[in-house]
Each structure stands twice: as C-alpha cells, then as structure tokens.
Amino acid sequence: MSLNKKQMIKLFTNLVRTSHYDKMMYRRMMQGKLIGFYHPAEGAVAPGVGACTFLKKDDNLNPHHRGHGIIHMVSKGIDVSTFLAEHTGKETGCCKGRSAFHFHYPDDKVYQQSGFIGHNFAPTVGWGYAAKRRGKSQVVMNCSGDGSYGEGRAHESMLMCQNWQLPVIFFCENNGMAIFSSSEEMHPTEDISSLAQGYGMPAVIVDGQDVFAVAEVAMAAIDRARKGKGPSFVECKTMRFNEHDIGTPDLKGWEDRSEEEHADMRKREPVRLATERVLADAILTQTKIDGIHEASLKEIEGVEEFADNSEICLPSEEELLADVFVD
Amino acid sequence: MKPVGIIANPASGKDIRRMIASGATVTNQEKQNIIVRILRAMEALGARRVEIMPDNTRMGLRVIRELQNELKNIDLALLNLPYVQGTQSDSIRSAQLMAEQDFACIIVLGGDGTCRVVSKTCGEVPLIPVSTGTNNVFPQMIEGTLVGMAAAAIANETVTQSQGCDRAPRLDLRNQAGVVVDHALVDLVVVDASGIASRAVWEPETIKEVYLTQARPASIGLSSIGGQIHPLEPMSGQGLRIVLDVESRNGFEITCPIAPGLMKTVTVETYQTFDTHTPQVINFTPCAVALDGEREVMIPTNANYTVNFNKHGPLVVNIERTLGLATKSNFLMGKAEPARQRSR
C-alpha cells in the first residue's frame, strides 16, 4: 500500500527521534560517558526507520550495526532506556551492563548483535525457518551493510531462504563503504541487489535518504513475506557522514575523505529532505515539526536520566560465571 | 563531427514494481554491456567523440576501462559534470550540458521516467531512447548495436535531423499562475496519495484522472488504460483524458496491464480527446501527479492546475527510418574491416 498521511507523520517522527538518539550517543561517547565504542549513524538513519516502523512486536529484527541498532529498535517501538544503560555499564542495562554493544532483547525478537561482519545471516535462516513453521505471519527483517555481502554466509543464507521460501527481507543499507574500503574495491558491481537475482529473489533499489520511499518498499517486502511469497531483497543507497566508529580516521582507502565529498553528502541529509517533503506536501506545519523535535529531546532526556541514575555494574565473580556457563 | 552523449540511468528498472508486480530487473552490468555494443557500432561507423554521464555506480568509468585499448576512432570520455548526486538531477544536468555543447544526439538508457527528465533540458538535441526501465512506452526495446549505428549516422550527418527525427508531443502541467511546473511524455496521472514516497503507482483505486499523449492496446503501464478504450497514435496531435471512479454508476470496467505482470480492473466514468487549444482542469485535489509512471508533484486542495497538450516535445530519432536512409546513402559501404585484413 502507498503511504497515508498518518503513516508519513509516524515515519517523520521516528526519523527525528532516531536522529536525536544517534546524536545523543555520539555526544556521550565524546564525553566519555559510554563504555566500548560507537558507530555513528548520521546520514544513514532513514533506512532503519523505513524498515522497522511498521514491523510488529512479534517480527524478528536483526538491526544494522550502525547506530548500534538504536535507529531500528526505536522505530520498532522498543524502549531503549535499558539500551543506553547497557552502553553505560549499568546494572539496569538489558544485559546488566556487561555487554555494551552486544545487546539482547528477546521479548522484542532482537536476539543478538555481534562484533563480526555478516554474523546475522546464519541465524536469519533459523529465524525464518521457525517463523514459517509457526505459521503466524511473522517476518524476519535482516538488516546489514554492503560489506556483509562479501561474506560467504550471506550467499548461503540467500540460497537457503529462497529454496525454502522463508519470510525474510534481506535489507541492505549500502553506504558504499566497508570501514575504509569503497564498494568499488570490494564488489564487481555497486548494486548489491544484483546478487539476489542469481537466487531468483525479487530485488528493489531505493533512495536510502528518503524515509518515505524506503518505507513504501519495506512495507511491500514485509507484506510479501507475510503472505508466504518468500524472501526479497531491498537495497537502500545511503551515506555515512562520519568515520566508521568514533576515534578511527575517516579514510577511503589510504586517503582522507575530502571536504567536497562531505559537503556533497550533507546536501542529502535525510531529516532535512523529509522536512522539506512534509512541509511541501502540507503533511505537517513548522510548528508541529518543532514540537516533534522538542518531544524527542525530552524523551531522550528521560532515557539519559534513567541510565545516569542507575547503579554501575560491578558483578561478583560468581555472578559473572553464572551468566556464562549452564550446568 | 558533433559528439554523441549517453545518459544511462543507474536506477532504472529496479524500483518497487519488482516487488509489487513482476517488473523485469535490468542490472547495471547489462546497461554497461548495452553501452559497449553501442560504442562498438559507432566505432565501426566512424563516430569521433562520445561522452557518458558519470554516475555513482561508475558504469561509464567501467565502460571506458573495458574499451580503452579497443577504440581507435572514438575519443571516449565521461561528461564533465561538476558533482554526481545519485538522483535524477544528474540526468537533468547532463542533458543540459550536452545541449549547451551542441551534441548531435543523446542516447538515453532508461524507462519513460528517465526520458522525461532528460527531455526537460535536452532542448533541440534529438534523443535515442533505449528501454532499460519498467514501463517502456516512449523508449524502444532495441538492440544496442543498432542504436549505435543510428547514432553514428546522425552524428556524421549522413541522415539529417529533419530526415531521421520525429517531434514527440508532451503534456504540460501548469499551476494556477499558468507556469509549466513539469511535463510528461506519455502519461500524466492524478493519484489519491499523501506523498511521493517510492514514486510508483500500482493501486488502481487511487487513480482518479489519466491524461495521455498516446494510447496503444499493445502498451504497458498507465497508458494501457487508454489503449483499451480509445487507441491514439503518438503523433495524432491529440491527447486523451480519462476520468476514473470506482463508485461510478454510469461507468464501465476494463482490465488492463498497469505495470508488468499487474492486470488491474478500473472503472471508467468518462473519456474524451483534447488538443492544444483545450487545457484540461484537474478536478481531483489534493492529489499527487504521476508523470510517466512516477509520482512527482503534489497539488494542494482546490488548487487550479491544468494539463495542456503540447506538440513541441523532444526530437526523437526514428531508428528504423534513420538506418533505412543511411543504407540508401551507402553509409555502411566499405565501413567494416575487409576480411583479408581481419585474417592477419
């Protein structure tokens, strides 16, 4: 279905919220208030919002690592207070403050976030298989970047999902960069979705800076999966405004990314594009837009307060071992 | 000899219609192959300079790399576009540069939508539209080698513009001030939608008014609605207006291919032809206006927009006629390498 006004407002709101969440994470990392590291999502927030805003609680989600999945999880409706507490090393964190990036939300069907690229593809087959067997119209939203499709697991996963007609969306957030390597170096074609053709899977390319375009495509893919029509592939052409993770140099190959490249990219900042669109189409007024920004900042204040006021994680040896080994 | 331009849309043939219908996917590798075949034909027939629009998937660059040791006659380069945005503005700006530099013709690889954006700025430079899109009424599904042959014949003026080209009509969308805000080459469709989003139109119940420059029973896409009720040839000098209403009591239903693999039934309330002297008022507002299959313009409530038939659209090379005239001029005689030389 094409988007209605209510859906466009929800998408815009989630885009604004997640953009502020990402900025908050960046700020806290720079302030030394996060443990571990942070992979900023600035410039690439629209794909996650479009993919996840209309997922159901029961749908499996493998979030993209950029923004550590906060974009995807906030959009899916997950309370991320415990996410920030986790990144802050607090007892109230979703993994009791011991994992930082490697969070886990089983009630919301987010089961993992691993540190190695392409980790998502093997469990995706399992989740998809389980969803099909349960027969309750669940889908698996499997989000990852262009770099992950250089892994053998990606191809095995696409093969098995297509052979077994599993309700999986391979959602590729292609920012043209895998840490320091450009897609041109890593793939014979910049269109990762071309790979899906080899597996007989329908594939779409969409402007990943346009949250509304992404959402319409994602909704079509989700609908297709729910109806038992098998997997599909969505490739969002997006951008990475910052370095891969805070603290590493912002290189392409051995060279710094140029100021011109940054200036060109920022012309397509997704919140700005969406704002122009909702104003031009009379979906929202400037006053309402300002209200959405204010409400988002207030929401984030509450999440930060929760994390800051929680007890720091200081587990005993006995507790640590209890969480690792099973008798 | 004037240069030839190539604008290949890296995004054509990949939109949401692969998901909601069964639209064919044309990979960029295949587009590169088509460009290579075009260039080989042009090389054999003596073209001198070709410039390719740069794009963010580097199709042009890959073609240049592939052919850099092969082409002897053609000076092949990327068009000097200051920066690549990865949006339709790349095609618009490229066509503008090619027009300013007086190119002989522009070969366009894409669908109806790509041809539309190129036609915004190509001026009097004729187009050779080659289908690599989804709904392909304006561009032809034709082998690239033949396209290259026709382009070479136009470039070296074996066949002149007036001999080899036709003037396509277009539909101008005018706002309340009478300013043309955009245009369509084949179909302009009024859609009940809140936004532009993924651009495609595939839900028949949302289609309210259809305006066409041509309507052929053998066409795919939104112009097929007209093709089923009042066939109209592209150069007829008339447009066709169709009003749809699912709740109409006086209307009639027809089933037509509004996208590849998507047969849908619509209810036609009324239809009529119109010409350059009879602007048509868009009655359904607020709405989105889809131009050649893609939602592009939002019209607010009660805004007075009109659709105007305009005979002066882009020049288009008629490939069959051009090659026929080229043959009569002995254009192909002695161009190919002699067999004796090939065997060396």
# chains A, B, ... in the order shown; residues from 1 in each chain; ligands from 1

call {"tool": "select_by_dssp", "arguments": {"residues": "range 11-144 of chain B", "states": "strand (DSSP E)", "output": "list in words"}}
result
Arg49, Val50, Glu51, Ile52, Asp75, Leu76, Ala77, Leu78, Cys105, Ile106, Ile107, Val108, Leu109, Gly110, Leu127, Ile128, Pro129, Val130 and Ser131 of chain B

call {"tool": "closest_atom_pairs", "arguments": {"of": "chain A", "to": "chain B", "cutoff": "7 Å", "atoms": "only C-alpha atoms", "output": "CSV"}}
result
residue,atom,partner,partner_atom,distance
A:Leu3,CA,B:Ser194,CA,6.7
A:Asn4,CA,B:Ser194,CA,5.4
A:Lys5,CA,B:Ser194,CA,5.5
A:Glu190,CA,B:Thr57,CA,5.6
A:Ser194,CA,B:Thr27,CA,6.5
A:Pro202,CA,B:Arg18,CA,6.0
A:Ala203,CA,B:Arg18,CA,6.3
A:Val204,CA,B:Lys14,CA,5.2
A:Ile205,CA,B:Lys14,CA,5.5
A:Val206,CA,B:Asp15,CA,6.6
A:Phe212,CA,B:Ala197,CA,4.6
A:Ala213,CA,B:Ser198,CA,4.0
A:Glu216,CA,B:Ser198,CA,6.0
A:Val217,CA,B:Ile16,CA,5.8
A:Ala220,CA,B:Ile20,CA,6.5
A:Ala221,CA,B:Met19,CA,6.6
A:Asp281,CA,B:Met298,CA,6.2

call {"tool": "residues_around", "arguments": {"residues": "Met141 in chain B", "least_positions_apart": "2", "cutoff": "7 Å", "atoms": "only C-alpha atoms", "output": "JSON, numbers by chain"}}
result
{"B": [130, 131, 139]}

call {"tool": "residues_around", "arguments": {"residues": "range 277-282 of chain B", "least_positions_apart": "2", "cutoff": "6 Å", "atoms": "only C-alpha atoms", "output": "ChimeraX atom specification"}}
result
/B:275,284,305-308

call {"tool": "closest_residue", "arguments": {"among": "B:Val117, B:Ile35, B:Val210, B:Leu325", "to": "Asp187 in chain B", "atoms": "only C-alpha atoms"}}
result
B:Val210

call {"tool": "residues_around", "arguments": {"residues": "Asp264 in chain A", "least_positions_apart": "4", "cutoff": "12 Å", "atoms": "only C-alpha atoms", "output": "ChimeraX atom specification"}}
result
/A:43,239-241,257-260,268-269 /B:82-86

call {"tool": "write_last_selection", "arguments": {"atoms": "N, CA, C and O atoms", "output": "PDB file, in the first residue's frame"}}
result
ATOM      1  N   GLY A  43      23.434  10.451   8.792  1.00  0.00           N
ATOM      2  CA  GLY A  43      23.378  10.322   7.329  1.00  0.00           C
ATOM      3  C   GLY A  43      22.673   9.060   6.893  1.00  0.00           C
ATOM      4  O   GLY A  43      22.197   8.953   5.763  1.00  0.00           O
ATOM      5  N   MET A 239      24.251   6.814   2.967  1.00  0.00           N
ATOM      6  CA  MET A 239      25.537   7.508   3.137  1.00  0.00           C
ATOM      7  C   MET A 239      26.022   7.422   4.576  1.00  0.00           C
ATOM      8  O   MET A 239      25.204   7.301   5.489  1.00  0.00           O
ATOM      9  N   ARG A 240      27.315   7.495   4.735  1.00  0.00           N
ATOM     10  CA  ARG A 240      27.910   7.529   6.079  1.00  0.00           C
ATOM     11  C   ARG A 240      28.599   8.875   6.215  1.00  0.00           C
ATOM     12  O   ARG A 240      29.622   9.101   5.585  1.00  0.00           O
ATOM     13  N   PHE A 241      28.038   9.731   7.057  1.00  0.00           N
ATOM     14  CA  PHE A 241      28.585  11.085   7.157  1.00  0.00           C
ATOM     15  C   PHE A 241      29.876  11.124   7.969  1.00  0.00           C
ATOM     16  O   PHE A 241      30.699  12.006   7.772  1.00  0.00           O
ATOM     17  N   ARG A 257      38.675  11.141   3.447  1.00  0.00           N
ATOM     18  CA  ARG A 257      37.556  11.551   2.586  1.00  0.00           C
ATOM     19  C   ARG A 257      37.570  13.074   2.490  1.00  0.00           C
ATOM     20  O   ARG A 257      37.785  13.760   3.499  1.00  0.00           O
ATOM     21  N   SER A 258      37.339  13.567   1.306  1.00  0.00           N
ATOM     22  CA  SER A 258      37.542  15.005   1.074  1.00  0.00           C
ATOM     23  C   SER A 258      36.406  15.839   1.658  1.00  0.00           C
ATOM     24  O   SER A 258      35.293  15.335   1.893  1.00  0.00           O
ATOM     25  N   GLU A 259      36.705  17.111   1.847  1.00  0.00           N
ATOM     26  CA  GLU A 259      35.669  18.049   2.315  1.00  0.00           C
ATOM     27  C   GLU A 259      34.555  18.163   1.287  1.00  0.00           C
ATOM     28  O   GLU A 259      33.385  18.316   1.630  1.00  0.00           O
ATOM     29  N   GLU A 260      34.938  18.094   0.012  1.00  0.00           N
ATOM     30  CA  GLU A 260      33.925  18.185  -1.055  1.00  0.00           C
ATOM     31  C   GLU A 260      32.953  17.020  -0.958  1.00  0.00           C
ATOM     32  O   GLU A 260      31.740  17.179  -1.121  1.00  0.00           O
ATOM     33  N   ARG A 268      22.174  15.825   1.136  1.00  0.00           N
ATOM     34  CA  ARG A 268      21.100  14.826   1.136  1.00  0.00           C
ATOM     35  C   ARG A 268      20.886  14.273   2.556  1.00  0.00           C
ATOM     36  O   ARG A 268      20.652  13.085   2.741  1.00  0.00           O
ATOM     37  N   GLU A 269      20.959  15.166   3.519  1.00  0.00           N
ATOM     38  CA  GLU A 269      20.726  14.771   4.911  1.00  0.00           C
ATOM     39  C   GLU A 269      19.253  14.358   5.048  1.00  0.00           C
ATOM     40  O   GLU A 269      18.352  15.113   4.665  1.00  0.00           O
TER      41      GLU A 269
ATOM     42  N   PRO B  82      30.054  18.586 -12.707  1.00  0.00           N
ATOM     43  CA  PRO B  82      30.800  19.016 -11.517  1.00  0.00           C
ATOM     44  C   PRO B  82      30.701  18.052 -10.334  1.00  0.00           C
ATOM     45  O   PRO B  82      31.683  17.761  -9.684  1.00  0.00           O
ATOM     46  N   TYR B  83      29.509  17.549 -10.032  1.00  0.00           N
ATOM     47  CA  TYR B  83      29.407  16.551  -8.972  1.00  0.00           C
ATOM     48  C   TYR B  83      28.215  15.643  -9.260  1.00  0.00           C
ATOM     49  O   TYR B  83      27.274  16.035  -9.941  1.00  0.00           O
ATOM     50  N   VAL B  84      28.297  14.436  -8.757  1.00  0.00           N
ATOM     51  CA  VAL B  84      27.260  13.434  -9.001  1.00  0.00           C
ATOM     52  C   VAL B  84      26.431  13.296  -7.738  1.00  0.00           C
ATOM     53  O   VAL B  84      26.968  13.042  -6.664  1.00  0.00           O
ATOM     54  N   GLN B  85      25.137  13.485  -7.866  1.00  0.00           N
ATOM     55  CA  GLN B  85      24.271  13.435  -6.681  1.00  0.00           C
ATOM     56  C   GLN B  85      23.618  12.076  -6.470  1.00  0.00           C
ATOM     57  O   GLN B  85      23.125  11.781  -5.395  1.00  0.00           O
ATOM     58  N   GLY B  86      23.568  11.281  -7.515  1.00  0.00           N
ATOM     59  CA  GLY B  86      22.873   9.995  -7.389  1.00  0.00           C
ATOM     60  C   GLY B  86      21.368  10.144  -7.444  1.00  0.00           C
ATOM     61  O   GLY B  86      20.644   9.280  -6.957  1.00  0.00           O
TER      62      GLY B  86
END

call {"tool": "closest_residue", "arguments": {"among": "B:Leu291, B:Val137, B:Leu146, B:Leu109", "to": "Leu188 in chain B", "atoms": "only C-alpha atoms"}}
result
B:Leu291

call {"tool": "atom_distance", "arguments": {"atom1": "CA of Tyr211 in chain B", "atom2": "CA of Val317 in chain B"}}
result
24.3 Å

call {"tool": "select_by_dssp", "arguments": {"residues": "range 182-325 of chain A", "states": "helix (DSSP H, G or I)", "output": "PyMOL selection string"}}
result
chain A and resi 183-186+194-198+211-226+259-266+270-280+286-309+317-324

call {"tool": "atom_distance", "arguments": {"atom1": "CA of Val36 in chain B", "atom2": "CA of Val316 in chain B"}}
result
21.7 Å

call {"tool": "atom_distance", "arguments": {"atom1": "CA of Thr287 in chain A", "atom2": "CA of Lys6 in chain A"}}
result
17.1 Å
